[in-house]
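File shown here: query_33.pdb, holding PDB, C-alpha atoms, pLDDT in the B column.
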```pdb
ATOM      1  CA  MET A  20      51.637 -33.415 -58.604  1.00 40.00           C
ATOM      2  CA  SER A  21      51.671 -31.992 -62.121  1.00 45.00           C
ATOM      3  CA  GLU A  22      54.992 -30.826 -63.496  1.00 46.00           C
ATOM      4  CA  THR A  23      53.356 -27.978 -65.392  1.00 50.00           C
ATOM      5  CA  GLN A  24      52.300 -24.992 -63.368  1.00 57.00           C
ATOM      6  CA  THR A  25      49.846 -22.409 -64.552  1.00 65.00           C
ATOM      7  CA  GLU A  26      51.537 -19.058 -64.976  1.00 78.00           C
ATOM      8  CA  THR A  27      49.875 -15.964 -63.553  1.00 80.00           C
ATOM      9  CA  THR A  28      50.187 -12.395 -64.795  1.00 84.00           C
ATOM     10  CA  SER A  29      49.712  -9.333 -62.598  1.00 91.00           C
ATOM     11  CA  LEU A  30      47.825  -6.369 -64.036  1.00 92.00           C
ATOM     12  CA  VAL A  31      46.775  -2.942 -62.720  1.00 95.00           C
ATOM     13  CA  VAL A  32      43.747  -0.763 -63.471  1.00 96.00           C
ATOM     14  CA  ASP A  33      44.309   1.974 -66.037  1.00 96.00           C
ATOM     15  CA  GLU A  34      42.282   4.695 -64.300  1.00 95.00           C
ATOM     16  CA  GLN A  35      42.201   7.036 -67.301  1.00 95.00           C
ATOM     17  CA  ALA A  36      40.851   4.396 -69.705  1.00 95.00           C
ATOM     18  CA  SER A  37      38.342   2.818 -67.290  1.00 97.00           C
ATOM     19  CA  THR A  38      34.734   3.819 -66.645  1.00 96.00           C
ATOM     20  CA  VAL A  39      32.346   2.863 -63.870  1.00 97.00           C
ATOM     21  CA  ARG A  40      28.887   4.423 -64.007  1.00 98.00           C
ATOM     22  CA  LEU A  41      25.972   4.192 -61.589  1.00 97.00           C
ATOM     23  CA  ARG A  42      22.372   4.976 -62.557  1.00 97.00           C
ATOM     24  CA  THR A  43      19.748   5.818 -59.964  1.00 95.00           C
ATOM     25  CA  PHE A  44      16.009   6.074 -60.598  1.00 94.00           C
ATOM     26  CA  ALA A  45      13.343   8.167 -58.876  1.00 90.00           C
ATOM     27  CA  GLU A  46       9.987   6.733 -57.808  1.00 89.00           C
ATOM     28  CA  GLY A  47       6.986   7.913 -55.822  1.00 83.00           C
ATOM     29  CA  LEU A  48       4.099  10.328 -56.228  1.00 76.00           C
ATOM     30  CA  PHE A  49       6.224  13.194 -57.570  1.00 75.00           C
ATOM     31  CA  ALA A  50       8.927  11.119 -59.274  1.00 70.00           C
ATOM     32  CA  LYS A  51       8.247  12.881 -62.594  1.00 73.00           C
ATOM     33  CA  LEU A  52       9.470  16.101 -60.965  1.00 70.00           C
ATOM     34  CA  ALA A  53      12.653  14.395 -59.750  1.00 80.00           C
ATOM     35  CA  HIS A  54      15.590  13.157 -61.797  1.00 87.00           C
ATOM     36  CA  ASP A  55      17.096   9.837 -62.690  1.00 92.00           C
ATOM     37  CA  LEU A  56      20.846  10.347 -62.334  1.00 95.00           C
ATOM     38  CA  GLU A  57      24.074   8.974 -63.708  1.00 97.00           C
ATOM     39  CA  LEU A  58      27.060   9.031 -61.372  1.00 97.00           C
ATOM     40  CA  SER A  59      30.613   8.584 -62.581  1.00 97.00           C
ATOM     41  CA  CYS A  60      33.300   6.932 -60.438  1.00 97.00           C
ATOM     42  CA  ARG A  61      36.694   8.625 -60.701  1.00 96.00           C
ATOM     43  CA  GLY A  62      40.028   7.617 -59.232  1.00 96.00           C
ATOM     44  CA  ILE A  63      39.364   3.879 -59.287  1.00 97.00           C
ATOM     45  CA  ARG A  64      42.373   1.737 -58.581  1.00 97.00           C
ATOM     46  CA  GLY A  65      42.973  -1.952 -58.435  1.00 96.00           C
ATOM     47  CA  THR A  66      44.814  -5.044 -59.495  1.00 96.00           C
ATOM     48  CA  ALA A  67      44.096  -8.271 -61.332  1.00 93.00           C
ATOM     49  CA  THR A  68      45.818 -11.606 -61.591  1.00 91.00           C
ATOM     50  CA  ARG A  69      45.267 -13.449 -64.844  1.00 82.00           C
ATOM     51  CA  THR A  70      45.630 -17.226 -64.815  1.00 77.00           C
ATOM     52  CA  GLY A  71      47.606 -18.464 -67.811  1.00 72.00           C
ATOM     53  CA  GLU A  72      46.749 -16.807 -71.122  1.00 74.00           C
ATOM     54  CA  ASP A  73      42.998 -16.831 -70.460  1.00 74.00           C
ATOM     55  CA  ASP A  74      41.731 -13.263 -69.977  1.00 74.00           C
ATOM     56  CA  ARG A  75      38.548 -14.760 -68.534  1.00 78.00           C
ATOM     57  CA  ALA A  76      40.177 -16.520 -65.581  1.00 85.00           C
ATOM     58  CA  GLY A  77      41.687 -14.866 -62.536  1.00 90.00           C
ATOM     59  CA  THR A  78      40.959 -12.507 -59.659  1.00 94.00           C
ATOM     60  CA  VAL A  79      40.340  -8.775 -59.437  1.00 95.00           C
ATOM     61  CA  THR A  80      40.253  -6.236 -56.603  1.00 97.00           C
ATOM     62  CA  ILE A  81      39.056  -2.696 -57.307  1.00 97.00           C
ATOM     63  CA  GLU A  82      38.590   0.254 -54.952  1.00 97.00           C
ATOM     64  CA  VAL A  83      36.275   3.164 -55.707  1.00 97.00           C
ATOM     65  CA  PRO A  84      36.970   6.254 -53.546  1.00 97.00           C
ATOM     66  CA  ILE A  85      33.568   7.540 -52.413  1.00 97.00           C
ATOM     67  CA  HIS A  86      34.679  11.194 -52.396  1.00 96.00           C
ATOM     68  CA  ARG A  87      35.617  10.832 -56.107  1.00 97.00           C
ATOM     69  CA  ILE A  88      32.102   9.853 -57.235  1.00 97.00           C
ATOM     70  CA  GLU A  89      30.638  12.660 -59.347  1.00 97.00           C
ATOM     71  CA  VAL A  90      27.215  13.427 -60.799  1.00 96.00           C
ATOM     72  CA  ALA A  91      27.606  13.032 -64.579  1.00 97.00           C
ATOM     73  CA  GLY A  92      24.108  14.384 -65.184  1.00 95.00           C
ATOM     74  CA  THR A  93      20.406  13.648 -65.336  1.00 93.00           C
ATOM     75  CA  VAL A  94      19.106  10.758 -67.432  1.00 94.00           C
ATOM     76  CA  LYS A  95      16.067  10.990 -69.691  1.00 90.00           C
ATOM     77  CA  ASP A  96      15.188   8.498 -72.428  1.00 89.00           C
ATOM     78  CA  GLY A  97      18.553   6.798 -71.898  1.00 88.00           C
ATOM     79  CA  ARG A  98      20.572   9.975 -72.563  1.00 94.00           C
ATOM     80  CA  VAL A  99      22.712  11.828 -70.035  1.00 96.00           C
ATOM     81  CA  ASP A 100      22.273  15.597 -69.774  1.00 94.00           C
ATOM     82  CA  ALA A 101      25.404  16.997 -68.119  1.00 95.00           C
ATOM     83  CA  SER A 102      23.658  20.355 -67.580  1.00 93.00           C
ATOM     84  CA  GLY A 103      20.550  18.811 -65.998  1.00 90.00           C
ATOM     85  CA  LEU A 104      21.466  19.826 -62.431  1.00 91.00           C
ATOM     86  CA  SER A 105      22.819  23.031 -60.936  1.00 92.00           C
ATOM     87  CA  PRO A 106      26.180  22.915 -59.121  1.00 94.00           C
ATOM     88  CA  SER A 107      24.402  23.225 -55.756  1.00 93.00           C
ATOM     89  CA  ASP A 108      22.025  20.339 -56.620  1.00 90.00           C
ATOM     90  CA  ARG A 109      25.053  18.207 -57.562  1.00 93.00           C
ATOM     91  CA  THR A 110      26.701  19.014 -54.233  1.00 94.00           C
ATOM     92  CA  ASP A 111      23.475  18.178 -52.364  1.00 91.00           C
ATOM     93  CA  CYS A 112      23.126  14.837 -54.208  1.00 91.00           C
ATOM     94  CA  LEU A 113      26.684  13.808 -53.362  1.00 94.00           C
ATOM     95  CA  ALA A 114      26.346  14.850 -49.710  1.00 93.00           C
ATOM     96  CA  LYS A 115      23.122  12.812 -49.442  1.00 90.00           C
ATOM     97  CA  MET A 116      24.848   9.835 -51.063  1.00 93.00           C
ATOM     98  CA  GLN A 117      27.720   9.958 -48.574  1.00 94.00           C
ATOM     99  CA  LYS A 118      25.391  10.393 -45.591  1.00 93.00           C
ATOM    100  CA  ASP A 119      22.416   8.150 -46.480  1.00 93.00           C
ATOM    101  CA  VAL A 120      23.946   5.469 -48.695  1.00 95.00           C
ATOM    102  CA  PHE A 121      27.496   5.018 -47.404  1.00 95.00           C
ATOM    103  CA  HIS A 122      27.183   6.566 -43.900  1.00 93.00           C
ATOM    104  CA  THR A 123      30.596   8.183 -44.113  1.00 92.00           C
ATOM    105  CA  GLN A 124      32.194  11.577 -44.573  1.00 88.00           C
ATOM    106  CA  SER A 125      35.732  10.186 -44.602  1.00 93.00           C
ATOM    107  CA  ARG A 126      37.841  11.117 -47.622  1.00 92.00           C
ATOM    108  CA  ASP A 127      39.564   7.730 -47.246  1.00 95.00           C
ATOM    109  CA  ALA A 128      36.344   5.666 -47.522  1.00 96.00           C
ATOM    110  CA  VAL A 129      36.141   3.275 -50.479  1.00 97.00           C
ATOM    111  CA  VAL A 130      33.802   0.711 -51.938  1.00 97.00           C
ATOM    112  CA  ARG A 131      35.878  -2.388 -52.619  1.00 97.00           C
ATOM    113  CA  VAL A 132      34.863  -4.874 -55.317  1.00 97.00           C
ATOM    114  CA  GLU A 133      36.448  -8.312 -55.377  1.00 97.00           C
ATOM    115  CA  ALA A 134      35.853 -10.649 -58.300  1.00 95.00           C
ATOM    116  CA  THR A 135      36.752 -14.158 -59.317  1.00 95.00           C
ATOM    117  CA  LEU A 136      36.497 -14.689 -63.072  1.00 91.00           C
ATOM    118  CA  ASP A 137      35.708 -18.072 -64.526  1.00 90.00           C
ATOM    119  CA  GLY A 138      34.928 -18.076 -68.231  1.00 85.00           C
ATOM    120  CA  GLY A 139      32.395 -15.401 -69.116  1.00 87.00           C
ATOM    121  CA  LYS A 140      31.136 -15.101 -65.546  1.00 93.00           C
ATOM    122  CA  ALA A 141      32.440 -13.359 -62.472  1.00 94.00           C
ATOM    123  CA  ARG A 142      31.466 -13.748 -58.848  1.00 96.00           C
ATOM    124  CA  LEU A 143      31.534 -10.189 -57.514  1.00 96.00           C
ATOM    125  CA  ARG A 144      31.636  -9.205 -53.883  1.00 97.00           C
ATOM    126  CA  VAL A 145      30.756  -5.544 -53.264  1.00 97.00           C
ATOM    127  CA  CYS A 146      32.093  -4.282 -49.913  1.00 96.00           C
ATOM    128  CA  PRO A 147      31.017  -0.773 -48.820  1.00 96.00           C
ATOM    129  CA  PRO A 148      32.761   0.940 -45.878  1.00 94.00           C
ATOM    130  CA  ASN A 149      30.101  -0.216 -43.376  1.00 89.00           C
ATOM    131  CA  GLY A 150      31.253  -3.826 -43.727  1.00 85.00           C
ATOM    132  CA  LYS A 151      28.070  -5.187 -45.353  1.00 91.00           C
ATOM    133  CA  GLU A 152      28.906  -7.337 -48.356  1.00 94.00           C
ATOM    134  CA  VAL A 153      26.763  -8.298 -51.315  1.00 96.00           C
ATOM    135  CA  GLU A 154      27.602 -10.970 -53.857  1.00 96.00           C
ATOM    136  CA  ARG A 155      26.482 -11.067 -57.470  1.00 94.00           C
ATOM    137  CA  ILE A 156      27.141 -13.331 -60.442  1.00 96.00           C
ATOM    138  CA  VAL A 157      27.800 -11.076 -63.447  1.00 96.00           C
ATOM    139  CA  MET A 158      28.377 -11.867 -67.091  1.00 95.00           C
ATOM    140  CA  ILE A 159      31.698 -10.323 -68.155  1.00 93.00           C
ATOM    141  CA  GLU A 160      32.814  -9.545 -71.680  1.00 93.00           C
ATOM    142  CA  THR A 161      36.603  -9.474 -72.006  1.00 90.00           C
ATOM    143  CA  ARG A 162      38.598  -8.137 -74.904  1.00 90.00           C
ATOM    144  CA  ARG A 163      42.334  -7.927 -75.409  1.00 88.00           C
ATOM    145  CA  ASP A 164      43.895  -4.826 -76.924  1.00 86.00           C
ATOM    146  CA  GLY A 165      47.614  -5.578 -77.228  1.00 85.00           C
ATOM    147  CA  SER A 166      48.857  -6.081 -73.661  1.00 83.00           C
ATOM    148  CA  ARG A 167      45.707  -4.492 -72.186  1.00 90.00           C
ATOM    149  CA  VAL A 168      42.567  -6.365 -71.151  1.00 91.00           C
ATOM    150  CA  HIS A 169      39.099  -4.765 -71.097  1.00 92.00           C
ATOM    151  CA  ALA A 170      36.469  -6.202 -68.756  1.00 93.00           C
ATOM    152  CA  LYS A 171      32.944  -4.956 -69.443  1.00 95.00           C
ATOM    153  CA  GLY A 172      29.602  -5.706 -67.818  1.00 96.00           C
ATOM    154  CA  LYS A 173      26.488  -4.461 -66.089  1.00 97.00           C
ATOM    155  CA  PHE A 174      24.550  -5.500 -62.992  1.00 96.00           C
ATOM    156  CA  GLU A 175      21.892  -4.288 -60.569  1.00 96.00           C
ATOM    157  CA  LEU A 176      22.630  -3.617 -56.941  1.00 96.00           C
ATOM    158  CA  SER A 177      20.213  -3.205 -54.048  1.00 96.00           C
ATOM    159  CA  LEU A 178      20.973  -0.127 -51.948  1.00 96.00           C
ATOM    160  CA  SER A 179      19.292  -1.619 -48.877  1.00 95.00           C
ATOM    161  CA  ALA A 180      21.448  -4.763 -49.207  1.00 95.00           C
ATOM    162  CA  ILE A 181      24.604  -2.644 -48.833  1.00 95.00           C
ATOM    163  CA  GLY A 182      23.186  -0.890 -45.754  1.00 94.00           C
ATOM    164  CA  SER A 183      21.776   2.264 -47.341  1.00 95.00           C
ATOM    165  CA  ASP A 184      18.944   4.212 -45.776  1.00 93.00           C
ATOM    166  CA  THR A 185      16.044   5.053 -48.068  1.00 91.00           C
ATOM    167  CA  VAL A 186      17.140   8.099 -50.072  1.00 89.00           C
ATOM    168  CA  LYS A 187      14.246  10.595 -50.165  1.00 87.00           C
ATOM    169  CA  GLY A 188      13.567  13.977 -51.677  1.00 79.00           C
ATOM    170  CA  PRO A 189      12.279  17.023 -49.785  1.00 77.00           C
ATOM    171  CA  MET A 190       9.085  16.291 -47.801  1.00 76.00           C
ATOM    172  CA  ASN A 191       9.232  12.661 -49.078  1.00 79.00           C
ATOM    173  CA  ALA A 192       7.932  13.811 -52.472  1.00 78.00           C
ATOM    174  CA  PHE A 193       9.986  11.087 -54.152  1.00 83.00           C
ATOM    175  CA  ARG A 194      12.616   8.501 -53.296  1.00 90.00           C
ATOM    176  CA  VAL A 195      15.460   6.751 -55.079  1.00 92.00           C
ATOM    177  CA  LYS A 196      14.544   3.206 -56.121  1.00 94.00           C
ATOM    178  CA  ASP A 197      16.287   0.529 -54.115  1.00 95.00           C
ATOM    179  CA  HIS A 198      17.891  -1.007 -57.218  1.00 95.00           C
ATOM    180  CA  ILE A 199      20.550   0.898 -59.107  1.00 96.00           C
ATOM    181  CA  GLU A 200      22.407  -0.084 -62.282  1.00 97.00           C
ATOM    182  CA  VAL A 201      26.174  -0.410 -62.298  1.00 97.00           C
ATOM    183  CA  ALA A 202      27.909  -0.448 -65.703  1.00 97.00           C
ATOM    184  CA  PHE A 203      31.660  -0.862 -66.020  1.00 97.00           C
ATOM    185  CA  ASP A 204      34.372  -1.018 -68.636  1.00 96.00           C
ATOM    186  CA  VAL A 205      37.579  -1.492 -66.681  1.00 96.00           C
ATOM    187  CA  VAL A 206      40.915  -1.635 -68.479  1.00 96.00           C
ATOM    188  CA  PHE A 207      43.836  -3.582 -67.024  1.00 95.00           C
ATOM    189  CA  ALA A 208      47.448  -3.235 -68.152  1.00 93.00           C
ATOM    190  CA  THR A 209      50.800  -4.631 -67.124  1.00 87.00           C
ATOM    191  CA  PRO A 210      52.282  -2.445 -64.358  1.00 85.00           C
ATOM    192  CA  SER A 211      54.889  -0.984 -66.717  1.00 70.00           C
ATOM    193  CA  GLY A 212      52.485  -0.303 -69.580  1.00 48.00           C
TER     194      GLY A 212
END
```
For this file, produce the structure as structure tokens.
Amino acid sequence: MSETQTETTSLVVDEQASTVRLRTFAEGLFAKLAHDLELSCRGIRGTATRTGEDDRAGTVTIEVPIHRIEVAGTVKDGRVDASGLSPSDRTDCLAKMQKDVFHTQSRDAVVRVEATLDGGKARLRVCPPNGKEVERIVMIETRRDGSRVHAKGKFELSLSAIGSDTVKGPMNAFRVKDHIEVAFDVVFATPSG
């Protein structure tokens, strides 16, 4: 047995400095009349354990409260228009997401993401409230800012793989594509700072 042990450091998510964004895309006969959307995840919480001094090695657990997901706006030509939907359309989109994608109305429901980092890659496990789990290998860019560590990346996720129904517009005029984009820039800090 080795006499040197690898030291671990515990970190927590800095909710205010972190961003997690979801992009959905419309398809179908009348997709041009529908909207691609960007959703913003608020209230994320979580912890990380860093192995040694390597910011690219360790484990992470993050929880995204479903009731704190908000519509940031419509997306056109890669730009987000915060005024692209009326307040009632935003409410309808979020209600449909809770019902059709996550099958829950509970204010306590979360999507949990577990990750194991090894170098520039992470093995992610996405766990929605229905118990279905999806794994992805994601390239992660890490950057240290003093005692804080930024973890940034992007990946696609299949809605059907996490148990979602097909999300459709009125009279099936359009539907949301099965694959959404998830982009994140999560900041971790020591619990005291």
| Nearest to Asp100 of chain A by atom-to-atom distance, counting all atoms listed in the file, from A:Val206, A:Leu56, A:Leu48, A:Cys146 |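 Looking only at the distances to Asp100 of chain A, the closest residue turns out to be A:Leu56.
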| request: Taking the file as shown, find all residues satisfying the PyMOL selection byres ((chain A and resi 167) around 7) and write them as a VMD selection string. | output: chain A and resid 163 to 166 168 to 169 206 to 208
| request: Apply the PyMOL selection byres ((chain A and resi 181) around 8) to the structure shown and report the selected residues as a PyMOL selection string. | output: chain A and resi 146-147+151-153+177-180+182-183
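Residues lying within 8 Å of Val79 of chain A, counting all atoms listed in the file and ignoring same-chain neighbours fewer than 3 positions away, are Gly65, Thr66, Ala67, Thr68, Val132, Glu133, Ala134, Thr135 and Leu136 of chain A.
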| query | What would the list of residues within 9 Å of (7.7, 10.0, -57.1) (file frame) look like as a PyMOL selection string, if all atoms listed in the file are what count? | reply | chain A and resi 45-53+188+191-195
Generate a file of the selected residues that holds C-alpha atoms, formatted as a compact mmCIF listing (two decimals), in the frame of the given file.
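Result went into out08.txt, see below:
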```txt
# COMPACT_ATOMS: atom_id res chain seq x y z
CA ALA A 45 13.34 8.17 -58.88
CA GLU A 46 9.99 6.73 -57.81
CA GLY A 47 6.99 7.91 -55.82
CA LEU A 48 4.10 10.33 -56.23
CA PHE A 49 6.22 13.19 -57.57
CA ALA A 50 8.93 11.12 -59.27
CA LYS A 51 8.25 12.88 -62.59
CA LEU A 52 9.47 16.10 -60.96
CA ALA A 53 12.65 14.40 -59.75
CA GLY A 188 13.57 13.98 -51.68
CA ASN A 191 9.23 12.66 -49.08
CA ALA A 192 7.93 13.81 -52.47
CA PHE A 193 9.99 11.09 -54.15
CA ARG A 194 12.62 8.50 -53.30
CA VAL A 195 15.46 6.75 -55.08
```
| query | Selected by the PyMOL selection byres ((chain A and resi 85) around 10) in the shown coordinates: which residues, as number ranges by chain? | reply | A: 60-63, 82-84, 86-89, 113, 116-117, 121, 123-130, 147-148
| said: When you count all atoms listed in the file, which of these residues is closest to Ala141 of chain A: A:Lys171, A:Lys95, A:Lys187, A:Arg109? | reply: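 Of the candidates, the smallest distance to Ala141 of chain A is held by A:Lys171.
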| task | Go through A:Arg40, A:Ala170, A:His198, A:Gln35 and flag the residue nearest Thr185 of chain A, using all atoms listed in the file for the distances. | result | A:His198
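Of the listed residues A:Thr80, A:Thr93, A:Thr70, A:Thr161, the one whose atoms come nearest to Phe44 of chain A is A:Thr93, with distances taken using only C-alpha atoms.
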| query | Distance atom CA of Ser211 of chain A-atom CA of Val31 of chain A, one decimal place? | reply |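 Distance reported for this atom pair: 9.3 Å.
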| said: Please report the interatomic distance between atom CA of Leu41 of chain A and atom CA of Asp137 of chain A in Å with one decimal. | reply: 24.5 Å
| A:Arg142, A:Ile199, A:Asp108, A:Val120: which is nearest Glu57 of chain A, counting all atoms listed in the file? | A:Ile199
| Selected residue, from A:Phe203, A:Asp197, A:Arg131, A:Gly97, that lies nearest to Glu160 of chain A when counting all atoms listed in the file | A:Phe203
| In Å, how far is it from atom CA of Lys196 of chain A to atom CA of Pro106 of chain A? | 23.1 Å
Would you mind putting back N, CA and C atoms on segment 126-159 of chain A, then writing it out as an mmCIF file, in the coordinates of the input?
```cif
data_model
loop_
_atom_site.group_PDB
_atom_site.id
_atom_site.type_symbol
_atom_site.label_atom_id
_atom_site.label_comp_id
_atom_site.auth_asym_id
_atom_site.auth_seq_id
_atom_site.Cartn_x
_atom_site.Cartn_y
_atom_site.Cartn_z
ATOM 1 N N ARG A 126 37.253 11.030 -46.272
ATOM 2 C CA ARG A 126 37.841 11.117 -47.622
ATOM 3 C C ARG A 126 38.604 9.841 -47.975
ATOM 4 N N ASP A 127 38.853 8.983 -46.992
ATOM 5 C CA ASP A 127 39.564 7.730 -47.246
ATOM 6 C C ASP A 127 38.624 6.556 -47.518
ATOM 7 N N ALA A 128 37.305 6.764 -47.379
ATOM 8 C CA ALA A 128 36.344 5.666 -47.522
ATOM 9 C C ALA A 128 36.280 5.194 -48.976
ATOM 10 N N VAL A 129 36.218 3.877 -49.145
ATOM 11 C CA VAL A 129 36.141 3.275 -50.479
ATOM 12 C C VAL A 129 35.074 2.187 -50.490
ATOM 13 N N VAL A 130 34.569 1.925 -51.681
ATOM 14 C CA VAL A 130 33.802 0.711 -51.938
ATOM 15 C C VAL A 130 34.777 -0.230 -52.623
ATOM 16 N N ARG A 131 34.957 -1.406 -52.053
ATOM 17 C CA ARG A 131 35.878 -2.388 -52.619
ATOM 18 C C ARG A 131 35.059 -3.452 -53.354
ATOM 19 N N VAL A 132 35.509 -3.820 -54.536
ATOM 20 C CA VAL A 132 34.863 -4.874 -55.317
ATOM 21 C C VAL A 132 35.904 -5.953 -55.558
ATOM 22 N N GLU A 133 35.575 -7.161 -55.155
ATOM 23 C CA GLU A 133 36.448 -8.312 -55.377
ATOM 24 C C GLU A 133 35.741 -9.237 -56.351
ATOM 25 N N ALA A 134 36.472 -9.781 -57.303
ATOM 26 C CA ALA A 134 35.853 -10.649 -58.300
ATOM 27 C C ALA A 134 36.743 -11.846 -58.583
ATOM 28 N N THR A 135 36.082 -12.955 -58.827
ATOM 29 C CA THR A 135 36.752 -14.158 -59.317
ATOM 30 C C THR A 135 36.139 -14.470 -60.668
ATOM 31 N N LEU A 136 36.966 -14.440 -61.711
ATOM 32 C CA LEU A 136 36.497 -14.689 -63.072
ATOM 33 C C LEU A 136 36.687 -16.152 -63.430
ATOM 34 N N ASP A 137 35.656 -16.689 -64.062
ATOM 35 C CA ASP A 137 35.708 -18.072 -64.526
ATOM 36 C C ASP A 137 34.911 -18.135 -65.817
ATOM 37 N N GLY A 138 35.608 -18.109 -66.936
ATOM 38 C CA GLY A 138 34.928 -18.076 -68.231
ATOM 39 C C GLY A 138 34.310 -16.707 -68.430
ATOM 40 N N GLY A 139 33.074 -16.670 -68.880
ATOM 41 C CA GLY A 139 32.395 -15.401 -69.116
ATOM 42 C C GLY A 139 31.646 -14.880 -67.919
ATOM 43 N N LYS A 140 31.838 -15.522 -66.753
ATOM 44 C CA LYS A 140 31.136 -15.101 -65.546
ATOM 45 C C LYS A 140 32.128 -14.649 -64.482
ATOM 46 N N ALA A 141 31.636 -13.778 -63.619
ATOM 47 C CA ALA A 141 32.440 -13.359 -62.472
ATOM 48 C C ALA A 141 31.564 -13.386 -61.231
ATOM 49 N N ARG A 142 32.131 -13.852 -60.146
ATOM 50 C CA ARG A 142 31.466 -13.748 -58.848
ATOM 51 C C ARG A 142 32.012 -12.484 -58.200
ATOM 52 N N LEU A 143 31.138 -11.470 -58.100
ATOM 53 C CA LEU A 143 31.534 -10.189 -57.514
ATOM 54 C C LEU A 143 31.127 -10.122 -56.059
ATOM 55 N N ARG A 144 31.970 -9.528 -55.262
ATOM 56 C CA ARG A 144 31.636 -9.205 -53.883
ATOM 57 C C ARG A 144 31.823 -7.698 -53.742
ATOM 58 N N VAL A 145 30.735 -6.988 -53.441
ATOM 59 C CA VAL A 145 30.756 -5.544 -53.264
ATOM 60 C C VAL A 145 30.806 -5.269 -51.770
ATOM 61 N N CYS A 146 31.840 -4.522 -51.337
ATOM 62 C CA CYS A 146 32.093 -4.282 -49.913
ATOM 63 C C CYS A 146 32.118 -2.778 -49.637
ATOM 64 N N PRO A 147 31.000 -2.192 -49.177
ATOM 65 C CA PRO A 147 31.017 -0.773 -48.820
ATOM 66 C C PRO A 147 31.739 -0.564 -47.493
ATOM 67 N N PRO A 148 31.982 0.693 -47.099
ATOM 68 C CA PRO A 148 32.761 0.940 -45.878
ATOM 69 C C PRO A 148 32.100 0.447 -44.594
ATOM 70 N N ASN A 149 30.781 0.225 -44.599
ATOM 71 C CA ASN A 149 30.101 -0.216 -43.376
ATOM 72 C C ASN A 149 30.302 -1.692 -43.079
ATOM 73 N N GLY A 150 30.965 -2.425 -43.979
ATOM 74 C CA GLY A 150 31.253 -3.826 -43.727
ATOM 75 C C GLY A 150 30.223 -4.790 -44.279
ATOM 76 N N LYS A 151 29.057 -4.292 -44.735
ATOM 77 C CA LYS A 151 28.070 -5.187 -45.353
ATOM 78 C C LYS A 151 28.600 -5.601 -46.718
ATOM 79 N N GLU A 152 28.415 -6.846 -47.066
ATOM 80 C CA GLU A 152 28.906 -7.337 -48.356
ATOM 81 C C GLU A 152 27.762 -7.954 -49.135
ATOM 82 N N VAL A 153 27.773 -7.732 -50.431
ATOM 83 C CA VAL A 153 26.763 -8.298 -51.315
ATOM 84 C C VAL A 153 27.478 -9.026 -52.433
ATOM 85 N N GLU A 154 27.006 -10.209 -52.758
ATOM 86 C CA GLU A 154 27.602 -10.970 -53.857
ATOM 87 C C GLU A 154 26.651 -11.020 -55.038
ATOM 88 N N ARG A 155 27.222 -10.992 -56.219
ATOM 89 C CA ARG A 155 26.482 -11.067 -57.470
ATOM 90 C C ARG A 155 27.271 -11.928 -58.450
ATOM 91 N N ILE A 156 26.537 -12.657 -59.301
ATOM 92 C CA ILE A 156 27.141 -13.331 -60.442
ATOM 93 C C ILE A 156 26.869 -12.418 -61.638
ATOM 94 N N VAL A 157 27.916 -12.040 -62.354
ATOM 95 C CA VAL A 157 27.800 -11.076 -63.447
ATOM 96 C C VAL A 157 28.448 -11.662 -64.692
ATOM 97 N N MET A 158 27.780 -11.479 -65.815
ATOM 98 C CA MET A 158 28.377 -11.867 -67.091
ATOM 99 C C MET A 158 29.402 -10.801 -67.470
ATOM 100 N N ILE A 159 30.599 -11.231 -67.828
ATOM 101 C CA ILE A 159 31.698 -10.323 -68.155
ATOM 102 C C ILE A 159 32.119 -10.560 -69.608
#
```
